[in-house]
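Source file: input_30.cif. Holds: mmCIF, N, CA, C and O atoms.
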```
data_coords
loop_
_atom_site.label_atom_id
_atom_site.label_comp_id
_atom_site.auth_asym_id
_atom_site.auth_seq_id
_atom_site.Cartn_x
_atom_site.Cartn_y
_atom_site.Cartn_z
N MET A 272 3.32 -28.66 0.01
CA MET A 272 2.45 -28.38 1.14
C MET A 272 3.28 -27.84 2.30
O MET A 272 4.29 -28.40 2.67
N ASN A 273 2.82 -26.78 2.89
CA ASN A 273 3.44 -26.16 4.04
C ASN A 273 3.22 -27.05 5.27
O ASN A 273 2.17 -27.67 5.42
N LEU A 274 4.18 -27.11 6.17
CA LEU A 274 4.04 -27.91 7.38
C LEU A 274 2.80 -27.52 8.19
O LEU A 274 2.18 -28.36 8.83
N LEU A 275 2.45 -26.24 8.17
CA LEU A 275 1.28 -25.80 8.91
C LEU A 275 -0.01 -26.36 8.31
O LEU A 275 -1.02 -26.45 9.00
N ASP A 276 0.01 -26.71 7.05
CA ASP A 276 -1.18 -27.22 6.38
C ASP A 276 -1.36 -28.72 6.55
O ASP A 276 -2.41 -29.26 6.19
N GLU A 277 -0.37 -29.41 7.09
CA GLU A 277 -0.47 -30.86 7.25
C GLU A 277 -1.51 -31.21 8.29
O GLU A 277 -1.58 -30.60 9.35
N LYS A 278 -2.31 -32.21 7.97
CA LYS A 278 -3.32 -32.67 8.91
C LYS A 278 -2.67 -33.55 9.96
O LYS A 278 -1.75 -34.30 9.68
N ARG A 279 -3.15 -33.42 11.19
CA ARG A 279 -2.68 -34.23 12.31
C ARG A 279 -3.89 -34.49 13.20
O ARG A 279 -4.97 -33.99 12.94
N THR A 280 -3.71 -35.25 14.24
CA THR A 280 -4.81 -35.49 15.16
C THR A 280 -4.43 -34.99 16.55
O THR A 280 -3.26 -34.99 16.94
N GLU A 281 -5.44 -34.55 17.26
CA GLU A 281 -5.32 -34.14 18.66
C GLU A 281 -6.41 -34.86 19.41
O GLU A 281 -7.55 -34.95 18.93
N THR A 282 -6.10 -35.37 20.59
CA THR A 282 -7.09 -36.03 21.42
C THR A 282 -7.33 -35.20 22.66
O THR A 282 -6.39 -34.76 23.32
N PHE A 283 -8.60 -34.96 22.94
CA PHE A 283 -8.99 -34.17 24.11
C PHE A 283 -10.25 -34.80 24.70
O PHE A 283 -11.22 -35.06 23.99
N ASN A 284 -10.22 -35.06 25.99
CA ASN A 284 -11.34 -35.67 26.71
C ASN A 284 -11.82 -36.95 26.04
O ASN A 284 -13.02 -37.18 25.90
N GLY A 285 -10.88 -37.75 25.58
CA GLY A 285 -11.21 -39.05 25.00
C GLY A 285 -11.70 -39.04 23.57
O GLY A 285 -12.02 -40.08 23.02
N LYS A 286 -11.73 -37.87 22.94
CA LYS A 286 -12.18 -37.78 21.54
C LYS A 286 -11.03 -37.27 20.69
O LYS A 286 -10.29 -36.37 21.09
N THR A 287 -10.89 -37.85 19.50
CA THR A 287 -9.81 -37.46 18.59
C THR A 287 -10.36 -36.54 17.50
O THR A 287 -11.40 -36.82 16.91
N TYR A 288 -9.64 -35.45 17.26
CA TYR A 288 -10.02 -34.45 16.26
C TYR A 288 -8.94 -34.37 15.20
O TYR A 288 -7.75 -34.37 15.53
N THR A 289 -9.34 -34.27 13.95
CA THR A 289 -8.39 -33.99 12.87
C THR A 289 -8.25 -32.48 12.81
O THR A 289 -9.23 -31.75 12.79
N THR A 290 -7.00 -32.03 12.77
CA THR A 290 -6.76 -30.59 12.79
C THR A 290 -5.64 -30.22 11.83
O THR A 290 -4.82 -31.05 11.45
N TRP A 291 -5.63 -28.98 11.42
CA TRP A 291 -4.62 -28.38 10.56
C TRP A 291 -4.73 -26.88 10.76
O TRP A 291 -5.65 -26.39 11.41
N HIS A 292 -3.78 -26.14 10.24
CA HIS A 292 -3.78 -24.69 10.40
C HIS A 292 -5.04 -24.12 9.76
O HIS A 292 -5.22 -24.24 8.55
N GLY A 293 -5.91 -23.57 10.58
CA GLY A 293 -7.16 -23.00 10.09
C GLY A 293 -8.39 -23.81 10.45
O GLY A 293 -9.51 -23.34 10.32
N SER A 294 -8.19 -25.05 10.93
CA SER A 294 -9.31 -25.92 11.29
C SER A 294 -10.03 -25.38 12.53
O SER A 294 -9.49 -24.55 13.27
N PRO A 295 -11.24 -25.85 12.78
CA PRO A 295 -11.95 -25.39 13.99
C PRO A 295 -11.14 -25.63 15.28
O PRO A 295 -11.05 -24.74 16.13
N PHE A 296 -10.53 -26.81 15.42
CA PHE A 296 -9.74 -27.11 16.61
C PHE A 296 -8.57 -26.13 16.73
O PHE A 296 -8.30 -25.57 17.79
N ASP A 297 -7.89 -25.89 15.63
CA ASP A 297 -6.74 -24.98 15.59
C ASP A 297 -7.15 -23.56 15.96
O ASP A 297 -6.47 -22.89 16.74
N ARG A 298 -8.26 -23.09 15.42
CA ARG A 298 -8.70 -21.72 15.69
C ARG A 298 -9.12 -21.56 17.15
O ARG A 298 -8.87 -20.52 17.76
N GLY A 299 -9.76 -22.59 17.72
CA GLY A 299 -10.11 -22.52 19.14
C GLY A 299 -8.85 -22.45 20.00
O GLY A 299 -8.76 -21.63 20.92
N SER A 300 -7.89 -23.28 19.67
CA SER A 300 -6.63 -23.28 20.40
C SER A 300 -5.93 -21.93 20.28
O SER A 300 -5.41 -21.39 21.27
N ALA A 301 -5.92 -21.36 19.10
CA ALA A 301 -5.27 -20.07 18.88
C ALA A 301 -5.97 -18.95 19.65
O ALA A 301 -5.32 -18.09 20.24
N ASP A 302 -7.31 -18.96 19.64
CA ASP A 302 -8.02 -17.92 20.39
C ASP A 302 -7.67 -17.98 21.87
O ASP A 302 -7.43 -16.95 22.51
N SER A 303 -7.60 -19.19 22.43
CA SER A 303 -7.21 -19.33 23.83
C SER A 303 -5.76 -18.89 24.03
O SER A 303 -5.46 -18.15 24.98
N TRP A 304 -4.86 -19.33 23.16
CA TRP A 304 -3.43 -18.98 23.27
C TRP A 304 -3.23 -17.47 23.34
O TRP A 304 -2.43 -16.98 24.13
N TYR A 305 -3.97 -16.74 22.52
CA TYR A 305 -3.83 -15.29 22.48
C TYR A 305 -4.76 -14.58 23.45
O TYR A 305 -4.94 -13.36 23.38
N SER A 306 -5.37 -15.35 24.38
CA SER A 306 -6.27 -14.81 25.41
C SER A 306 -7.45 -14.06 24.82
O SER A 306 -7.94 -13.10 25.40
N ARG A 307 -7.91 -14.53 23.68
CA ARG A 307 -9.10 -13.95 23.06
C ARG A 307 -10.33 -14.68 23.59
O ARG A 307 -10.25 -15.86 23.95
N PRO A 308 -11.47 -14.01 23.62
CA PRO A 308 -12.70 -14.70 24.03
C PRO A 308 -13.10 -15.72 22.96
O PRO A 308 -12.66 -15.65 21.81
N LYS A 309 -13.94 -16.68 23.36
CA LYS A 309 -14.43 -17.66 22.39
C LYS A 309 -15.19 -16.94 21.28
O LYS A 309 -16.04 -16.09 21.55
N ASP A 310 -14.86 -17.28 20.06
CA ASP A 310 -15.51 -16.74 18.87
C ASP A 310 -15.40 -17.82 17.79
O ASP A 310 -14.54 -17.75 16.91
N PRO A 311 -16.25 -18.86 17.87
CA PRO A 311 -16.10 -19.99 16.95
C PRO A 311 -16.06 -19.58 15.48
O PRO A 311 -16.90 -18.81 15.01
N HIS A 312 -15.03 -20.08 14.80
CA HIS A 312 -14.84 -19.81 13.38
C HIS A 312 -13.76 -20.75 12.87
O HIS A 312 -13.08 -21.41 13.66
N TRP A 313 -13.61 -20.79 11.56
CA TRP A 313 -12.49 -21.53 10.97
C TRP A 313 -12.33 -21.12 9.52
O TRP A 313 -13.15 -20.41 8.96
N TYR A 314 -11.21 -21.54 8.92
CA TYR A 314 -10.86 -21.21 7.54
C TYR A 314 -10.60 -22.51 6.77
O TYR A 314 -9.56 -23.13 6.98
N PRO A 315 -11.50 -22.92 5.89
CA PRO A 315 -11.31 -24.16 5.14
C PRO A 315 -10.01 -24.22 4.33
O PRO A 315 -9.45 -25.29 4.14
N GLU A 316 -9.52 -23.07 3.88
CA GLU A 316 -8.32 -23.04 3.05
C GLU A 316 -7.05 -22.75 3.86
O GLU A 316 -5.98 -22.57 3.29
N GLY A 317 -7.17 -22.69 5.19
CA GLY A 317 -6.03 -22.36 6.04
C GLY A 317 -6.24 -21.02 6.70
O GLY A 317 -6.99 -20.18 6.20
N SER A 318 -5.61 -20.81 7.82
CA SER A 318 -5.81 -19.58 8.59
C SER A 318 -5.64 -18.33 7.75
O SER A 318 -4.62 -18.14 7.09
N TYR A 319 -6.67 -17.51 7.78
CA TYR A 319 -6.72 -16.22 7.10
C TYR A 319 -6.65 -16.31 5.58
O TYR A 319 -6.40 -15.32 4.90
N LYS A 320 -6.90 -17.52 5.04
CA LYS A 320 -6.95 -17.70 3.59
C LYS A 320 -8.40 -17.97 3.20
O LYS A 320 -9.11 -18.69 3.89
N GLY A 321 -8.83 -17.41 2.12
CA GLY A 321 -10.18 -17.67 1.64
C GLY A 321 -11.23 -17.13 2.61
O GLY A 321 -11.01 -16.17 3.33
N ILE A 322 -12.39 -17.80 2.61
CA ILE A 322 -13.49 -17.32 3.43
C ILE A 322 -13.37 -17.81 4.87
O ILE A 322 -12.80 -18.87 5.14
N ARG A 323 -13.90 -17.02 5.77
CA ARG A 323 -13.98 -17.38 7.18
C ARG A 323 -15.38 -17.93 7.43
O ARG A 323 -16.38 -17.31 7.04
N ILE A 324 -15.46 -19.09 8.06
CA ILE A 324 -16.73 -19.68 8.43
C ILE A 324 -17.00 -19.33 9.88
O ILE A 324 -16.21 -19.68 10.77
N ASP A 325 -18.09 -18.61 10.14
CA ASP A 325 -18.44 -18.20 11.49
C ASP A 325 -19.42 -19.18 12.13
O ASP A 325 -20.00 -20.04 11.47
N ALA A 326 -19.63 -19.03 13.44
CA ALA A 326 -20.44 -19.97 14.23
C ALA A 326 -21.80 -20.27 13.61
O ALA A 326 -22.24 -21.42 13.61
N ALA A 327 -22.46 -19.27 13.07
CA ALA A 327 -23.80 -19.46 12.50
C ALA A 327 -23.80 -20.46 11.35
O ALA A 327 -24.83 -21.08 11.07
N ASP A 328 -22.66 -20.62 10.70
CA ASP A 328 -22.56 -21.52 9.55
C ASP A 328 -21.75 -22.79 9.84
O ASP A 328 -21.44 -23.55 8.93
N MET A 329 -21.41 -23.01 11.10
CA MET A 329 -20.64 -24.19 11.48
C MET A 329 -21.57 -25.34 11.87
O MET A 329 -22.65 -25.11 12.41
N THR A 330 -21.11 -26.55 11.60
CA THR A 330 -21.86 -27.74 12.00
C THR A 330 -21.66 -27.97 13.50
O THR A 330 -20.70 -27.43 14.10
N PRO A 331 -22.50 -28.78 14.11
CA PRO A 331 -22.28 -29.11 15.52
C PRO A 331 -20.90 -29.74 15.76
O PRO A 331 -20.26 -29.45 16.77
N GLU A 332 -20.42 -30.54 14.83
CA GLU A 332 -19.10 -31.16 14.97
C GLU A 332 -17.99 -30.11 14.90
O GLU A 332 -17.00 -30.20 15.63
N GLU A 333 -18.14 -29.13 14.02
CA GLU A 333 -17.14 -28.06 13.92
C GLU A 333 -17.13 -27.21 15.18
O GLU A 333 -16.06 -26.83 15.68
N LEU A 334 -18.31 -26.91 15.72
CA LEU A 334 -18.39 -26.15 16.97
C LEU A 334 -17.75 -26.93 18.12
O LEU A 334 -17.04 -26.35 18.94
N GLU A 335 -17.99 -28.22 18.15
CA GLU A 335 -17.39 -29.06 19.19
C GLU A 335 -15.87 -29.06 19.07
O GLU A 335 -15.16 -28.97 20.08
N ALA A 336 -15.35 -29.15 17.85
CA ALA A 336 -13.91 -29.14 17.64
C ALA A 336 -13.30 -27.81 18.07
O ALA A 336 -12.23 -27.77 18.69
N TYR A 337 -13.96 -26.70 17.74
CA TYR A 337 -13.48 -25.38 18.16
C TYR A 337 -13.40 -25.33 19.69
O TYR A 337 -12.39 -24.94 20.27
N ASP A 338 -14.50 -25.73 20.35
CA ASP A 338 -14.54 -25.70 21.82
C ASP A 338 -13.46 -26.60 22.42
O ASP A 338 -12.83 -26.24 23.42
N ALA A 339 -13.25 -27.77 21.82
CA ALA A 339 -12.23 -28.69 22.32
C ALA A 339 -10.84 -28.06 22.21
O ALA A 339 -10.03 -28.16 23.15
N GLY A 340 -10.54 -27.43 21.10
CA GLY A 340 -9.24 -26.76 20.95
C GLY A 340 -9.06 -25.65 21.97
O GLY A 340 -7.99 -25.51 22.57
N TYR A 341 -10.11 -24.88 22.17
CA TYR A 341 -10.06 -23.78 23.15
C TYR A 341 -9.83 -24.34 24.55
O TYR A 341 -8.92 -23.90 25.27
N GLU A 342 -10.63 -25.34 24.93
CA GLU A 342 -10.54 -25.89 26.28
C GLU A 342 -9.24 -26.64 26.53
O GLU A 342 -8.69 -26.58 27.62
N GLN A 343 -8.74 -27.35 25.51
CA GLN A 343 -7.47 -28.04 25.68
C GLN A 343 -6.37 -27.03 26.00
O GLN A 343 -5.55 -27.25 26.89
N ASN A 344 -6.34 -25.92 25.29
CA ASN A 344 -5.31 -24.91 25.55
C ASN A 344 -5.53 -24.24 26.90
O ASN A 344 -4.56 -23.97 27.61
N GLU A 345 -6.78 -23.99 27.27
CA GLU A 345 -7.04 -23.40 28.58
C GLU A 345 -6.52 -24.32 29.69
O GLU A 345 -5.90 -23.85 30.65
N GLN A 346 -6.75 -25.61 29.56
CA GLN A 346 -6.31 -26.56 30.58
C GLN A 346 -4.79 -26.71 30.62
O GLN A 346 -4.21 -26.94 31.67
N SER A 347 -4.15 -26.57 29.46
CA SER A 347 -2.69 -26.71 29.42
C SER A 347 -2.00 -25.47 29.97
O SER A 347 -0.83 -25.52 30.34
N GLY A 348 -2.71 -24.35 30.01
CA GLY A 348 -2.15 -23.12 30.53
C GLY A 348 -1.25 -22.39 29.56
O GLY A 348 -0.59 -21.42 29.92
N GLY A 349 -1.23 -22.83 28.30
CA GLY A 349 -0.39 -22.18 27.30
C GLY A 349 -0.97 -20.83 26.89
O GLY A 349 -2.08 -20.76 26.41
N LYS A 350 -0.23 -19.78 27.14
CA LYS A 350 -0.68 -18.43 26.77
C LYS A 350 0.48 -17.64 26.18
O LYS A 350 1.63 -17.80 26.60
N LYS A 351 0.18 -16.81 25.24
CA LYS A 351 1.16 -15.91 24.64
C LYS A 351 1.69 -14.97 25.71
O LYS A 351 0.93 -14.36 26.45
N ASP A 352 3.01 -14.88 25.81
CA ASP A 352 3.64 -13.95 26.73
C ASP A 352 3.83 -12.62 26.00
O ASP A 352 4.61 -12.54 25.05
N TRP A 353 3.11 -11.62 26.41
CA TRP A 353 3.12 -10.32 25.73
C TRP A 353 4.25 -9.40 26.18
O TRP A 353 4.37 -8.28 25.72
N ASP A 354 5.09 -9.88 27.11
CA ASP A 354 6.20 -9.03 27.58
C ASP A 354 7.37 -9.06 26.65
O ASP A 354 7.71 -9.92 25.99
#
```
Exercise: express the given structure as structure tokens:
Amino acid sequence: MNLLDEKRTETFNGKTYTTWHGSPFDRGSADSWYSRPKDPHWYPEGSYKGIRIDAADMTPEELEAYDAGYEQNEQSGGKKDWD
């Protein structure tokens, strides 16, 4: 198993989320990091592997995890430096 695929937990606003590379929380965080607009999605098999699950097919919990990842990164101020 690749280190990026290992499951871990992140806590944001008092709620704990299980995350891994490609999870809803991870994808939200990545979209914020790269200064992309919110576009809820995730990859069950890992980022850019297999099928992409878009917002229309996400559960309320998955949408919440995506938003939490996005907002956590927005609050931390972590952004890709393009210079």
**Request:** Would you translate the PyMOL selection byres ((chain A and resi 317) around 7) into the concrete set of residues it matches in this file, as an MDAnalysis selection string?
**Result:** chainID A and resid 276 291:294 313:316 318:322
**Request:** Let me know the residues the PyMOL selection byres (((chain A and resi 279 and name CA) around 6) and name CA) catches in the file above, as a count of residues only.
**Result:** 4
**Prompt:** When distances are computed from only C-alpha atoms, which of A:Gly349, A:Gly299, A:Gly285, A:Pro311 shows the smallest separation from Asp328 in chain A?
**Reply:** A:Pro311
**Request:** Write out as a ChimeraX atom specification all residues of chain A that DSSP puts in helix (DSSP H, G or I) for this structure's backbone.
**Result:** /A:274-276,295-304,326-328,331-347
**Prompt:** Mind telling me what the PyMOL selection byres ((chain A and resi 340) around 6) catches here, as a ChimeraX atom specification?
**Reply:** /A:295-297,299-301,335-339,341-345
**Prompt:** Taking into account only N, CA, C and O atoms, which residue in the set A:His312, A:Gln346, A:Asp352, A:Arg307 is nearest to Leu334 in chain A?
**Reply:**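 Checking each candidate against Leu334 in chain A, we get A:His312 as the closest.
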**Message:** Between CA of Lys286 in chain A and CA of Arg298 in chain A, what distance in Å does the model show, to one decimal?
**Reply:**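 Value for the CA of Lys286 in chain A-CA of Arg298 in chain A distance: 17.4 Å.
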**Asked** At what distance in Å, to one decimal, does CA of Gly348 in chain A lie from atom N of Glu332 in chain A?
**Response**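 Rounded to one decimal, the two atoms are 25.2 Å apart.
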**Request:** Report the distance between CA of Ser347 in chain A and atom C of Glu281 in chain A in Å, rounded to one decimal place.
**Result:**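 Separating CA of Ser347 in chain A from atom C of Glu281 in chain A is a distance of 13.4 Å.
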**Request:** as an MDAnalysis selection string, please: all residues of chain A that backbone DSSP puts in strand (DSSP E).
**Result:** chainID A and resid 279:283 286:290 312:313 324:325
Give the padded box for range 292-304 of chain A as AutoDock Vina command-line options: axis-aligned, covering all atoms listed in the file, 6 Å on each side, centre and edge lengths in Å to one decimal.
```
--center_x -7.2 --center_y -22.0 --center_z 16.8 --size_x 21.5 --size_y 22.2 --size_z 28.4
```
Rebuild all heavy atoms on range 324-335 of chain A, as a compact mmCIF listing (two decimals), keeping the file's coordinate frame?
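In the end it all went to part.txt:
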```txt
# COMPACT_ATOMS: atom_id res chain seq x y z
N ILE A 324 -15.46 -19.09 8.06
CA ILE A 324 -16.73 -19.68 8.43
C ILE A 324 -17.00 -19.33 9.88
O ILE A 324 -16.21 -19.68 10.77
CB ILE A 324 -16.70 -21.23 8.26
CG1 ILE A 324 -16.24 -21.65 6.87
CG2 ILE A 324 -18.05 -21.83 8.63
CD1 ILE A 324 -17.13 -21.21 5.74
N ASP A 325 -18.09 -18.61 10.14
CA ASP A 325 -18.44 -18.20 11.49
C ASP A 325 -19.42 -19.18 12.13
O ASP A 325 -20.00 -20.04 11.47
CB ASP A 325 -19.03 -16.79 11.48
CG ASP A 325 -17.99 -15.74 11.16
OD1 ASP A 325 -16.91 -15.76 11.76
OD2 ASP A 325 -18.26 -14.88 10.30
N ALA A 326 -19.63 -19.03 13.44
CA ALA A 326 -20.44 -19.97 14.23
C ALA A 326 -21.80 -20.27 13.61
O ALA A 326 -22.24 -21.42 13.61
CB ALA A 326 -20.61 -19.43 15.64
N ALA A 327 -22.46 -19.27 13.07
CA ALA A 327 -23.80 -19.46 12.50
C ALA A 327 -23.80 -20.46 11.35
O ALA A 327 -24.83 -21.08 11.07
CB ALA A 327 -24.38 -18.13 12.04
N ASP A 328 -22.66 -20.62 10.70
CA ASP A 328 -22.56 -21.52 9.55
C ASP A 328 -21.75 -22.79 9.84
O ASP A 328 -21.44 -23.55 8.93
CB ASP A 328 -21.94 -20.78 8.36
CG ASP A 328 -22.82 -19.63 7.90
OD1 ASP A 328 -24.04 -19.83 7.79
OD2 ASP A 328 -22.28 -18.52 7.69
N MET A 329 -21.41 -23.01 11.10
CA MET A 329 -20.64 -24.19 11.48
C MET A 329 -21.57 -25.34 11.87
O MET A 329 -22.65 -25.11 12.41
CB MET A 329 -19.69 -23.86 12.63
CG MET A 329 -18.56 -22.93 12.23
SD MET A 329 -17.58 -22.30 13.62
CE MET A 329 -16.72 -23.79 14.14
N THR A 330 -21.11 -26.55 11.60
CA THR A 330 -21.86 -27.74 12.00
C THR A 330 -21.66 -27.97 13.50
O THR A 330 -20.70 -27.43 14.10
CB THR A 330 -21.37 -28.99 11.24
OG1 THR A 330 -20.03 -29.28 11.66
CG2 THR A 330 -21.44 -28.80 9.72
N PRO A 331 -22.50 -28.78 14.11
CA PRO A 331 -22.28 -29.11 15.52
C PRO A 331 -20.90 -29.74 15.76
O PRO A 331 -20.26 -29.45 16.77
CB PRO A 331 -23.39 -30.11 15.84
CG PRO A 331 -24.50 -29.74 14.89
CD PRO A 331 -23.78 -29.33 13.62
N GLU A 332 -20.42 -30.54 14.83
CA GLU A 332 -19.10 -31.16 14.97
C GLU A 332 -17.99 -30.11 14.90
O GLU A 332 -17.00 -30.20 15.63
CB GLU A 332 -18.88 -32.21 13.88
CG GLU A 332 -19.79 -33.42 13.99
CD GLU A 332 -21.20 -33.21 13.43
OE1 GLU A 332 -21.47 -32.19 12.73
OE2 GLU A 332 -22.05 -34.07 13.71
N GLU A 333 -18.14 -29.13 14.02
CA GLU A 333 -17.14 -28.06 13.92
C GLU A 333 -17.13 -27.21 15.18
O GLU A 333 -16.06 -26.83 15.68
CB GLU A 333 -17.41 -27.21 12.68
CG GLU A 333 -17.15 -27.95 11.39
CD GLU A 333 -17.74 -27.28 10.17
OE1 GLU A 333 -18.58 -26.34 10.29
OE2 GLU A 333 -17.36 -27.70 9.06
N LEU A 334 -18.31 -26.91 15.72
CA LEU A 334 -18.39 -26.15 16.97
C LEU A 334 -17.75 -26.93 18.12
O LEU A 334 -17.04 -26.35 18.94
CB LEU A 334 -19.85 -25.81 17.29
CG LEU A 334 -20.51 -24.79 16.36
CD1 LEU A 334 -22.00 -24.79 16.55
CD2 LEU A 334 -19.92 -23.40 16.58
N GLU A 335 -17.99 -28.22 18.15
CA GLU A 335 -17.39 -29.06 19.19
C GLU A 335 -15.87 -29.06 19.07
O GLU A 335 -15.16 -28.97 20.08
CB GLU A 335 -17.91 -30.49 19.07
CG GLU A 335 -17.31 -31.43 20.09
CD GLU A 335 -17.75 -32.87 19.91
OE1 GLU A 335 -18.80 -33.13 19.29
OE2 GLU A 335 -17.01 -33.75 20.39
```
